[in-house]
Amino acid sequence: MGRRLDLGKWRQTITAWSFLVPALVLLAISVLVPALMALVMTFTQTGLDVSEPLRFVGFANLHRLSLDPMFYRVLITTLLYLIGIVPPIVLGSLALAVLVNRRLPGMYVLRAGFYTPVLVSIVVAAIAFRWLYAENGLVNGWMVALLGDAFAPIGFLTNPLLALPSVMLVTLWKGLGYYMVIFLAGLQGIPQELYEAAELDGSDGWRNMLISLFPFCARISLLFQ
């Protein structure tokens, strides 16, 4: 009996690794190898000829980068993008997951509607939002129709103050549905007994959700990193 259990366990392990290995190989090729190459390039220097050997220069590249004002502009823009994307996309997708996790009529249609932007190609999304944001695009057209000819078209992608928020909006529209599905899978994995135990302890409404939901979803949110 024990030998049969060991054999079944080995089969499960082999099956799991057979699914994991292709994904891990692709991850190594597309993420880990470029990251290691970037790390090596940080401390080395070479010419335009790729056949030239790499020359170790220590922290010279980092020192030259620290003297470039453009580096700090890029760094600030990246931090603003992270602040404007990560908290809203986590909280927003969690809120959507809680909403569509309810057993109400038409909820499957609502789930499909929220997930549809994920299926849209990034190229198609870029073309669509470029048309929306254009000075003669749909958004400015609506504003002209509402306010008349006195309204000056807004350059959403050419205005330095509006370009970053405009790109953030596209990212949120494209990504909320994807992370909603991840949180939804976590919510549906919460045992019903946990909700019942929270109710017996006197928790109801939002307090019940906080007690039962967040310990489980905290592990799900690690996938975002």
# chains A, B, ... in the order shown; residues from 1 in each chain; ligands from 1
>>> residues_around(residues="Leu184 of chain A", least_positions_apart="5", cutoff="8 Å", atoms="only C-alpha atoms", output="list in words")
Leu94, Ala97, Val98, Val100 and Asn101 of chain A
>>> write_last_selection(atoms="N, CA and C atoms", output="compact mmCIF listing (two decimals), in the first residue's frame")
# COMPACT_ATOMS: atom_id res chain seq x y z
N LEU A 94 -9.38 43.88 -6.86
CA LEU A 94 -9.96 43.20 -5.70
C LEU A 94 -11.42 43.58 -5.53
N ALA A 97 -13.39 41.80 -8.13
CA ALA A 97 -13.52 40.37 -7.81
C ALA A 97 -14.59 40.14 -6.76
N VAL A 98 -14.62 41.00 -5.74
CA VAL A 98 -15.65 40.87 -4.71
C VAL A 98 -17.03 41.09 -5.32
N VAL A 100 -18.05 40.59 -8.58
CA VAL A 100 -18.49 39.52 -9.48
C VAL A 100 -18.52 38.16 -8.81
N ASN A 101 -18.07 38.09 -7.56
CA ASN A 101 -18.12 36.81 -6.83
C ASN A 101 -19.50 36.54 -6.26
>>> select_by_dssp(residues="segment 15-94 of chain A", states="strand (DSSP E)", output="compact mmCIF listing (two decimals) with N, CA, C and O atoms, in the first residue's frame")
# COMPACT_ATOMS: atom_id res chain seq x y z
N THR A 44 30.62 46.82 -17.19
CA THR A 44 31.57 46.61 -18.29
C THR A 44 31.31 47.62 -19.39
O THR A 44 30.32 48.35 -19.38
N GLN A 45 32.22 47.65 -20.35
CA GLN A 45 32.09 48.56 -21.48
C GLN A 45 32.63 47.88 -22.73
O GLN A 45 33.60 47.12 -22.67
N ARG A 55 35.11 44.99 -21.34
CA ARG A 55 36.16 45.56 -20.48
C ARG A 55 35.53 46.02 -19.17
O ARG A 55 34.59 46.82 -19.16
N PHE A 56 36.01 45.49 -18.06
CA PHE A 56 35.46 45.83 -16.76
C PHE A 56 35.83 47.26 -16.39
O PHE A 56 37.00 47.64 -16.42
>>> select_by_dssp(residues="segment 15-69 of chain A", states="helix (DSSP H, G or I)", output="count of residues only")
36
>>> residues_around(residues="Glu135 of chain A", least_positions_apart="3", cutoff="7 Å", atoms="only C-alpha atoms", output="count of residues only")
4
>>> atom_distance(atom1="atom CA of Thr78 of chain A", atom2="atom CA of Val139 of chain A")
26.4 Å
>>> atom_distance(atom1="atom CA of Tyr81 of chain A", atom2="atom CA of Val167 of chain A")
9.0 Å
>>> atom_distance(atom1="atom CA of Leu75 of chain A", atom2="atom CA of Gly58 of chain A")
22.0 Å
>>> residues_around(residues="Ala163 of chain A", least_positions_apart="3", cutoff="12 Å", atoms="only C-alpha atoms", output="PyMOL selection string")
chain A and resi 77+81+130+133-134+154-160+166-170
>>> residues_around(residues="Val90 of chain A", least_positions_apart="5", cutoff="10 Å", atoms="only C-alpha atoms", output="list in words")
Ile85, Ala95, Leu172, Gly175, Leu176, Tyr179, Met180, Phe183, Ser221 and Phe224 of chain A
>>> write_last_selection(atoms="N, CA, C and O atoms", output="PDB file, in the first residue's frame")
ATOM      1  N   ILE A  85      -0.236  53.240 -10.676  1.00  0.00           N
ATOM      2  CA  ILE A  85      -0.735  52.001 -11.265  1.00  0.00           C
ATOM      3  C   ILE A  85      -0.923  50.900 -10.228  1.00  0.00           C
ATOM      4  O   ILE A  85      -2.001  50.289 -10.140  1.00  0.00           O
ATOM      5  N   ALA A  95     -11.732  44.857  -5.696  1.00  0.00           N
ATOM      6  CA  ALA A  95     -13.123  45.302  -5.591  1.00  0.00           C
ATOM      7  C   ALA A  95     -13.991  44.662  -6.676  1.00  0.00           C
ATOM      8  O   ALA A  95     -15.114  44.222  -6.412  1.00  0.00           O
ATOM      9  N   LEU A 172      -4.563  50.695 -16.687  1.00  0.00           N
ATOM     10  CA  LEU A 172      -5.605  50.241 -15.764  1.00  0.00           C
ATOM     11  C   LEU A 172      -6.742  49.558 -16.516  1.00  0.00           C
ATOM     12  O   LEU A 172      -7.231  48.506 -16.094  1.00  0.00           O
ATOM     13  N   GLY A 175      -5.500  46.105 -17.585  1.00  0.00           N
ATOM     14  CA  GLY A 175      -5.037  45.132 -16.606  1.00  0.00           C
ATOM     15  C   GLY A 175      -5.994  44.775 -15.493  1.00  0.00           C
ATOM     16  O   GLY A 175      -5.807  43.751 -14.828  1.00  0.00           O
ATOM     17  N   LEU A 176      -7.025  45.586 -15.264  1.00  0.00           N
ATOM     18  CA  LEU A 176      -7.927  45.315 -14.144  1.00  0.00           C
ATOM     19  C   LEU A 176      -8.595  43.949 -14.266  1.00  0.00           C
ATOM     20  O   LEU A 176      -8.694  43.209 -13.289  1.00  0.00           O
ATOM     21  N   TYR A 179      -6.161  40.862 -13.323  1.00  0.00           N
ATOM     22  CA  TYR A 179      -5.931  40.638 -11.902  1.00  0.00           C
ATOM     23  C   TYR A 179      -7.236  40.360 -11.169  1.00  0.00           C
ATOM     24  O   TYR A 179      -7.230  39.741 -10.099  1.00  0.00           O
ATOM     25  N   MET A 180      -8.368  40.812 -11.725  1.00  0.00           N
ATOM     26  CA  MET A 180      -9.664  40.461 -11.151  1.00  0.00           C
ATOM     27  C   MET A 180      -9.855  38.949 -11.157  1.00  0.00           C
ATOM     28  O   MET A 180     -10.353  38.368 -10.175  1.00  0.00           O
ATOM     29  N   PHE A 183      -7.749  37.348  -8.365  1.00  0.00           N
ATOM     30  CA  PHE A 183      -8.387  37.519  -7.061  1.00  0.00           C
ATOM     31  C   PHE A 183      -9.671  36.696  -6.963  1.00  0.00           C
ATOM     32  O   PHE A 183      -9.992  36.167  -5.892  1.00  0.00           O
ATOM     33  N   SER A 221      -1.971  38.253  -3.749  1.00  0.00           N
ATOM     34  CA  SER A 221      -1.357  39.502  -4.204  1.00  0.00           C
ATOM     35  C   SER A 221       0.144  39.361  -4.411  1.00  0.00           C
ATOM     36  O   SER A 221       0.750  40.187  -5.101  1.00  0.00           O
ATOM     37  N   PHE A 224       1.432  39.466  -8.004  1.00  0.00           N
ATOM     38  CA  PHE A 224       1.641  40.720  -8.705  1.00  0.00           C
ATOM     39  C   PHE A 224       3.122  41.091  -8.722  1.00  0.00           C
ATOM     40  O   PHE A 224       3.555  41.878  -9.540  1.00  0.00           O
TER      41      PHE A 224
END
